[in-house]
Every structure is written in C-alpha cells, then in structure tokens.
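Participant: Sharing start-v1.pdb (PDB, C-alpha atoms) below.
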MODEL        1
ATOM      1  CA  MET A   1     -39.797-222.611-238.624
ATOM      2  CA  THR A   2     -37.676-219.622-239.709
ATOM      3  CA  GLN A   3     -35.205-219.711-242.531
ATOM      4  CA  ALA A   4     -31.521-219.451-241.436
ATOM      5  CA  ASP A   5     -29.577-216.357-242.489
ATOM      6  CA  PRO A   6     -27.269-217.425-245.384
ATOM      7  CA  ALA A   7     -24.594-214.883-244.409
ATOM      8  CA  ALA A   8     -24.531-216.251-240.853
ATOM      9  CA  LEU A   9     -24.267-219.819-242.183
ATOM     10  CA  TRP A  10     -21.333-218.882-244.425
ATOM     11  CA  GLN A  11     -19.627-217.101-241.525
ATOM     12  CA  GLN A  12     -20.054-220.162-239.287
ATOM     13  CA  MET A  13     -18.700-222.421-242.016
ATOM     14  CA  ARG A  14     -15.743-220.087-242.582
ATOM     15  CA  GLU A  15     -14.894-220.053-238.871
ATOM     16  CA  ARG A  16     -15.100-223.855-238.623
ATOM     17  CA  LEU A  17     -12.964-224.295-241.725
ATOM     18  CA  VAL A  18     -10.336-221.797-240.561
ATOM     19  CA  ALA A  19     -10.037-223.662-237.243
ATOM     20  CA  PHE A  20      -9.928-227.009-239.084
ATOM     21  CA  VAL A  21      -7.160-225.795-241.415
ATOM     22  CA  ALA A  22      -5.135-223.913-238.775
ATOM     23  CA  HIS A  23      -4.929-227.091-236.717
ATOM     24  CA  ARG A  24      -3.395-228.981-239.666
ATOM     25  CA  ILE A  25      -0.720-226.619-241.005
ATOM     26  CA  ASP A  26       2.565-225.233-239.702
ATOM     27  CA  GLN A  27       1.656-221.598-240.311
ATOM     28  CA  PRO A  28      -1.822-220.987-238.834
ATOM     29  CA  ALA A  29      -1.762-217.506-240.361
ATOM     30  CA  ASP A  30      -2.091-219.188-243.776
ATOM     31  CA  ALA A  31      -5.424-220.764-242.778
ATOM     32  CA  GLU A  32      -7.473-217.798-244.016
ATOM     33  CA  ASP A  33      -5.812-217.965-247.432
ATOM     34  CA  ILE A  34      -6.449-221.692-247.717
ATOM     35  CA  VAL A  35     -10.109-221.253-246.752
ATOM     36  CA  GLN A  36     -10.428-218.585-249.430
ATOM     37  CA  GLU A  37      -9.102-221.123-251.946
ATOM     38  CA  VAL A  38     -11.685-223.619-250.655
ATOM     39  CA  PHE A  39     -14.520-221.119-251.110
ATOM     40  CA  LEU A  40     -13.308-220.361-254.626
ATOM     41  CA  LYS A  41     -13.258-224.083-255.519
ATOM     42  CA  MET A  42     -16.666-224.529-253.940
ATOM     43  CA  SER A  43     -18.119-221.703-256.008
ATOM     44  CA  GLN A  44     -16.632-223.188-259.187
ATOM     45  CA  THR A  45     -17.866-226.744-258.597
ATOM     46  CA  ILE A  46     -21.027-226.442-256.481
ATOM     47  CA  ASP A  47     -23.194-227.375-259.457
ATOM     48  CA  GLY A  48     -21.555-230.818-259.494
ATOM     49  CA  VAL A  49     -22.848-231.721-256.027
ATOM     50  CA  ARG A  50     -25.515-234.375-256.487
ATOM     51  CA  GLN A  51     -26.392-235.268-252.935
ATOM     52  CA  GLN A  52     -27.259-232.233-250.842
ATOM     53  CA  GLU A  53     -27.059-234.284-247.636
ATOM     54  CA  ARG A  54     -23.348-234.901-248.400
ATOM     55  CA  LEU A  55     -22.598-231.206-248.841
ATOM     56  CA  GLU A  56     -20.597-230.927-245.619
ATOM     57  CA  ALA A  57     -18.477-233.998-246.469
ATOM     58  CA  TRP A  58     -17.840-232.494-249.908
ATOM     59  CA  VAL A  59     -16.714-229.180-248.354
ATOM     60  CA  TYR A  60     -14.311-230.944-245.988
ATOM     61  CA  GLN A  61     -12.904-233.052-248.821
ATOM     62  CA  ILE A  62     -12.138-229.878-250.796
ATOM     63  CA  THR A  63     -10.565-228.438-247.638
ATOM     64  CA  ARG A  64      -8.387-231.506-247.061
ATOM     65  CA  ASN A  65      -7.235-231.358-250.686
ATOM     66  CA  ALA A  66      -6.389-227.656-250.289
ATOM     67  CA  ILE A  67      -4.349-228.479-247.163
ATOM     68  CA  ILE A  68      -2.456-231.181-249.074
ATOM     69  CA  ASP A  69      -1.772-228.725-251.898
ATOM     70  CA  HIS A  70      -0.529-226.186-249.343
ATOM     71  CA  HIS A  71       1.873-228.740-247.816
ATOM     72  CA  ARG A  72       3.186-229.656-251.267
ATOM     73  CA  ARG A  73       3.769-226.002-252.148
ATOM     74  CA  SER A  74       5.376-225.328-248.764
ATOM     75  CA  SER A  75       7.812-228.238-249.017
ATOM     76  CA  THR A  76       8.810-227.252-252.545
ATOM     77  CA  ILE A  77       9.302-223.627-251.501
ATOM     78  CA  ALA A  78      11.247-224.664-248.376
ATOM     79  CA  ARG A  79      13.604-226.862-250.414
ATOM     80  CA  THR A  80      14.130-224.066-252.918
ATOM     81  CA  ARG A  81      14.770-221.487-250.199
ATOM     82  CA  ALA A  82      17.150-223.779-248.317
ATOM     83  CA  GLN A  83      19.141-224.353-251.490
ATOM     84  CA  ALA A  84      19.103-220.626-252.277
ATOM     85  CA  ALA A  85      20.256-219.814-248.735
ATOM     86  CA  ALA A  86      23.120-222.261-249.057
ATOM     87  CA  ASP A  87      24.041-220.880-252.463
ATOM     88  CA  ARG A  88      23.294-217.188-251.787
ATOM     89  CA  SER A  89      26.909-216.098-251.770
ATOM     90  CA  LEU A  90      27.776-218.133-254.851
ATOM     91  CA  ARG A  91      27.970-216.575-258.288
ATOM     92  CA  PRO A  92      27.307-218.801-261.314
ATOM     93  CA  GLY A  93      30.502-219.755-263.074
ATOM     94  CA  GLU A  94      32.792-218.742-260.206
ATOM     95  CA  ILE A  95      32.644-222.004-258.303
ATOM     96  CA  ASP A  96      32.139-225.485-259.694
ATOM     97  CA  ALA A  97      29.222-227.744-258.814
ATOM     98  CA  GLU A  98      31.299-229.994-256.549
ATOM     99  CA  GLU A  99      32.528-227.067-254.452
ATOM    100  CA  SER A 100      29.022-225.617-254.357
ATOM    101  CA  ALA A 101      27.642-228.929-253.073
ATOM    102  CA  LEU A 102      30.378-229.091-250.420
ATOM    103  CA  LEU A 103      29.580-225.589-249.185
ATOM    104  CA  ALA A 104      25.826-226.238-249.173
ATOM    105  CA  GLN A 105      26.416-229.489-247.284
ATOM    106  CA  CYS A 106      28.527-227.704-244.663
ATOM    107  CA  LEU A 107      26.186-224.802-243.945
ATOM    108  CA  LYS A 108      23.196-226.747-242.622
ATOM    109  CA  PRO A 109      25.020-228.580-239.770
ATOM    110  CA  LEU A 110      26.887-225.384-238.944
ATOM    111  CA  VAL A 111      23.588-223.552-238.445
ATOM    112  CA  THR A 112      22.677-226.097-235.741
ATOM    113  CA  ARG A 113      25.852-225.106-233.851
ATOM    114  CA  LEU A 114      24.815-221.456-233.551
ATOM    115  CA  PRO A 115      23.464-220.240-230.190
ATOM    116  CA  GLU A 116      19.647-220.379-230.104
ATOM    117  CA  PRO A 117      18.718-216.749-230.848
ATOM    118  CA  TYR A 118      21.077-216.664-233.829
ATOM    119  CA  ARG A 119      20.062-220.119-235.077
ATOM    120  CA  GLU A 120      16.427-219.008-234.921
ATOM    121  CA  ALA A 121      17.201-215.762-236.778
ATOM    122  CA  ILE A 122      19.004-217.571-239.634
ATOM    123  CA  THR A 123      16.396-220.332-239.818
ATOM    124  CA  LEU A 124      13.497-217.879-240.007
ATOM    125  CA  THR A 125      15.090-215.551-242.549
ATOM    126  CA  GLU A 126      17.197-217.859-244.704
ATOM    127  CA  TYR A 127      15.492-221.254-244.542
ATOM    128  CA  GLU A 128      11.852-220.269-243.973
ATOM    129  CA  GLY A 129      12.168-217.192-246.179
ATOM    130  CA  LEU A 130      10.599-214.680-243.789
ATOM    131  CA  THR A 131      11.535-211.047-244.021
ATOM    132  CA  GLN A 132      13.447-209.732-241.041
ATOM    133  CA  ALA A 133      10.324-207.807-239.981
ATOM    134  CA  GLU A 134       8.199-210.990-240.120
ATOM    135  CA  ALA A 135      10.882-212.920-238.238
ATOM    136  CA  ALA A 136      11.002-210.184-235.586
ATOM    137  CA  ARG A 137       7.238-210.427-235.072
ATOM    138  CA  ARG A 138       7.415-214.199-234.759
ATOM    139  CA  ALA A 139      10.335-214.027-232.319
ATOM    140  CA  ARG A 140       8.624-211.157-230.463
ATOM    141  CA  ILE A 141      11.581-208.809-230.706
ATOM    142  CA  SER A 142      12.133-205.468-232.423
ATOM    143  CA  VAL A 143      13.054-205.296-236.111
ATOM    144  CA  PRO A 144      16.474-203.726-235.325
ATOM    145  CA  GLY A 145      17.001-206.548-232.806
ATOM    146  CA  MET A 146      16.284-209.154-235.485
ATOM    147  CA  LYS A 147      18.558-207.394-237.983
ATOM    148  CA  SER A 148      21.328-207.465-235.417
ATOM    149  CA  ARG A 149      20.755-211.173-234.723
ATOM    150  CA  VAL A 150      20.818-212.016-238.431
ATOM    151  CA  GLN A 151      24.074-210.085-238.956
ATOM    152  CA  ARG A 152      25.699-211.743-235.938
ATOM    153  CA  ALA A 153      24.429-215.157-237.032
ATOM    154  CA  ARG A 154      25.890-214.685-240.514
ATOM    155  CA  ARG A 155      29.205-213.583-239.026
ATOM    156  CA  GLN A 156      29.274-216.580-236.644
ATOM    157  CA  LEU A 157      28.280-218.918-239.471
ATOM    158  CA  GLY A 158      31.139-217.526-241.568
ATOM    159  CA  ASP A 159      33.555-218.062-238.669
ATOM    160  CA  LEU A 160      32.370-221.661-238.215
ATOM    161  CA  LEU A 161      32.726-222.297-241.943
ATOM    162  CA  THR A 162      36.234-220.849-242.193
ATOM    163  CA  ALA A 163      37.301-222.864-239.113
ATOM    164  CA  CYS A 164      36.786-226.108-241.024
ATOM    165  CA  CYS A 165      37.023-225.055-244.671
ATOM    166  CA  GLN A 166      39.351-222.899-246.712
ATOM    167  CA  VAL A 167      37.069-220.407-248.463
ATOM    168  CA  GLU A 168      38.497-218.228-251.204
ATOM    169  CA  LEU A 169      36.629-214.981-251.923
ATOM    170  CA  ASP A 170      36.944-212.604-254.851
ATOM    171  CA  ALA A 171      37.082-208.801-254.642
ATOM    172  CA  ARG A 172      33.289-208.595-254.318
ATOM    173  CA  LYS A 173      33.382-211.112-251.411
ATOM    174  CA  ALA A 174      31.747-213.764-253.599
ATOM    175  CA  VAL A 175      32.878-217.346-252.982
ATOM    176  CA  ARG A 176      35.386-218.569-255.584
ATOM    177  CA  SER A 177      36.374-221.905-254.029
ATOM    178  CA  VAL A 178      35.884-224.033-250.918
ATOM    179  CA  GLU A 179      38.266-226.686-249.631
ATOM    180  CA  ASN A 180      37.806-228.771-246.467
ATOM    181  CA  HIS A 181      40.936-228.508-244.290
ATOM    182  CA  GLY A 182      39.999-229.482-240.755
ATOM    183  CA  PRO A 183      37.513-231.243-238.525
ATOM    184  CA  CYS A 184      34.173-230.444-240.061
ATOM    185  CA  PRO A 185      30.677-231.319-238.786
ATOM    186  CA  CYS A 186      29.552-232.060-242.312
TER
ENDMDL
END
Could you spell out this file's structure in structure tokens?

Facilitator:
Amino acid sequence: MTQADPAALWQQMRERLVAFVAHRIDQPADAEDIVQEVFLKMSQTIDGVRQQERLEAWVYQITRNAIIDHHRRSSTIARTRAQAAADRSLRPGEIDAEESALLAQCLKPLVTRLPEPYREAITLTEYEGLTQAEAARRARISVPGMKSRVQRARRQLGDLLTACCQVELDARKAVRSVENHGPCPC
C-alpha cells in the first residue's frame, strides 16, 4: 500500500472546504479567505487533537466556527456601512441627532422606490460597501456605466427625499436640517 501525497491531501481538503464554505455564505468569493483562516487555526491547534479518527469532524467544526465569525463580522460591517451611508452627507454638529435619525429613517425606504438598476447601484456601493469597480463587475457592466448609475441614483434619491422632506443645505452642500413636510414613505 502506497503512502498518499500530503500535498494532494491538503489540496483535496482545501477544495472541499472552499465548496463547503462558499455554499454557506453570501459572498462566495470570501470562501478562500475563510478557508485560509481555518488552515491557520488548524496549524495553531493541531497538537490539541486527541483522537486522530475525529480529525475530519474537528476540521469541519473549526470551519463552521469560522463561518459564524464571518457572518458576525459581515452583519456588524453592514450595519455600520448602512448607518454611514445614511449619514454620509451629515457633518457632526451641523444637524442634531433627531434630525439625523429622521433623515436616516427616510433614506432606506426611498432607496426601495428607485428603479432597479439604480437601486442595485446604490445598494452595492452604499449599503454593501463595494467600490464602484467591484459593483460594476458584480452587475456585469462597465465601470463608467456603474459610475453613471450611482450618480443618477443619488440624484433620484435626493429628488425623492426633497419631495417629502424640507432639507436645508449649507454652502458646502452639507445637510443642516431636515423637516418632514409631505407624504413620506418613512
């Protein structure tokens, strides 16, 4: 009986783990990074494995934990980015917390009213935090096309906001105050 090639075994394990992870996360492109984290944890804790016959179960438990950690990080980052997107035009000290909350509350439902290509452009760049180049690749359009969609989406979002809210801007076009004055989806 011949001894299996360790490099081939590691490659097989890596491929199985990447497929396992990619199936369980929103961004399959992140699977490679997560598997790298798994391999790092494995290398740091392999000496603690007592039952060699349970090695595969141990590897998959580390992988599941890494996936959970990824989801926790992603949800925290998504919440932070969503808040930052809602507050992007706000300058500290120029608008009070109540007005800031009102504006942030209004933006999310207004995004859902945008036509699909513009809604997708804003969601990818502002809420998911992708660069315009990354968003263009995901949407399978050119980078200038994505830039155009983002600009149009921002303009349409501004129009929707000013249709239901009185927004006061300063000389730098930073929001100074927001006041609801009409039928508003929020």

Participant: Tell me, in Å to one decimal, how far atom CA of A:Gln36 is from atom CA of A:Thr123.

Facilitator: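 Rounded to one decimal, the two atoms are 28.5 Å apart.
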
Participant: Please write as a PDB file with C-alpha atoms, in the frame of the given file the full residue list that the PyMOL selection byres ((chain A and resi 13-25) around 12) yields on this file.

Facilitator:
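Okay, out32.pdb is ready:
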ATOM      1  CA  PRO A   6     -27.269-217.425-245.384  1.00  0.00           C
ATOM      2  CA  ALA A   7     -24.594-214.883-244.409  1.00  0.00           C
ATOM      3  CA  ALA A   8     -24.531-216.251-240.853  1.00  0.00           C
ATOM      4  CA  LEU A   9     -24.267-219.819-242.183  1.00  0.00           C
ATOM      5  CA  TRP A  10     -21.333-218.882-244.425  1.00  0.00           C
ATOM      6  CA  GLN A  11     -19.627-217.101-241.525  1.00  0.00           C
ATOM      7  CA  GLN A  12     -20.054-220.162-239.287  1.00  0.00           C
ATOM      8  CA  ASP A  26       2.565-225.233-239.702  1.00  0.00           C
ATOM      9  CA  GLN A  27       1.656-221.598-240.311  1.00  0.00           C
ATOM     10  CA  PRO A  28      -1.822-220.987-238.834  1.00  0.00           C
ATOM     11  CA  ALA A  29      -1.762-217.506-240.361  1.00  0.00           C
ATOM     12  CA  ASP A  30      -2.091-219.188-243.776  1.00  0.00           C
ATOM     13  CA  ALA A  31      -5.424-220.764-242.778  1.00  0.00           C
ATOM     14  CA  GLU A  32      -7.473-217.798-244.016  1.00  0.00           C
ATOM     15  CA  ASP A  33      -5.812-217.965-247.432  1.00  0.00           C
ATOM     16  CA  ILE A  34      -6.449-221.692-247.717  1.00  0.00           C
ATOM     17  CA  VAL A  35     -10.109-221.253-246.752  1.00  0.00           C
ATOM     18  CA  GLN A  36     -10.428-218.585-249.430  1.00  0.00           C
ATOM     19  CA  GLU A  37      -9.102-221.123-251.946  1.00  0.00           C
ATOM     20  CA  VAL A  38     -11.685-223.619-250.655  1.00  0.00           C
ATOM     21  CA  PHE A  39     -14.520-221.119-251.110  1.00  0.00           C
ATOM     22  CA  LEU A  55     -22.598-231.206-248.841  1.00  0.00           C
ATOM     23  CA  GLU A  56     -20.597-230.927-245.619  1.00  0.00           C
ATOM     24  CA  VAL A  59     -16.714-229.180-248.354  1.00  0.00           C
ATOM     25  CA  TYR A  60     -14.311-230.944-245.988  1.00  0.00           C
ATOM     26  CA  GLN A  61     -12.904-233.052-248.821  1.00  0.00           C
ATOM     27  CA  ILE A  62     -12.138-229.878-250.796  1.00  0.00           C
ATOM     28  CA  THR A  63     -10.565-228.438-247.638  1.00  0.00           C
ATOM     29  CA  ARG A  64      -8.387-231.506-247.061  1.00  0.00           C
ATOM     30  CA  ASN A  65      -7.235-231.358-250.686  1.00  0.00           C
ATOM     31  CA  ALA A  66      -6.389-227.656-250.289  1.00  0.00           C
ATOM     32  CA  ILE A  67      -4.349-228.479-247.163  1.00  0.00           C
ATOM     33  CA  ILE A  68      -2.456-231.181-249.074  1.00  0.00           C
ATOM     34  CA  ASP A  69      -1.772-228.725-251.898  1.00  0.00           C
ATOM     35  CA  HIS A  70      -0.529-226.186-249.343  1.00  0.00           C
ATOM     36  CA  HIS A  71       1.873-228.740-247.816  1.00  0.00           C
ATOM     37  CA  ARG A  72       3.186-229.656-251.267  1.00  0.00           C
ATOM     38  CA  SER A  74       5.376-225.328-248.764  1.00  0.00           C
ATOM     39  CA  SER A  75       7.812-228.238-249.017  1.00  0.00           C
TER      40      SER A  75
END

Participant: What does the structure give for the distance between atom CA of A:Ile122 and atom CA of A:Ala135, in Å to one decimal?

Facilitator: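 Computed distance, atom CA of A:Ile122 to atom CA of A:Ala135, equals 9.5 Å.
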
Participant: Counting only C-alpha atoms, which residue out of A:Ile46, A:Ile141, A:Leu130, A:Leu110 sits closest to A:Arg154?

Facilitator: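 Ranking A:Ile46, A:Ile141, A:Leu130, A:Leu110 by distance to A:Arg154, first place goes to A:Leu110.
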
Participant: Atom CA of A:Lys108 and atom CA of A:Gly158, how far apart in Å?

Facilitator: 12.2 Å

Participant: Using all atoms of stretch 146-163 of chain A listed in the file and a margin of 6 Å per side, can you give the axis-aligned box centre and edge lengths in Å to one decimal, as AutoDock Vina command-line options?

Facilitator:
--center_x 26.8 --center_y -215.1 --center_z -238.5 --size_x 33.0 --size_y 27.5 --size_z 19.5
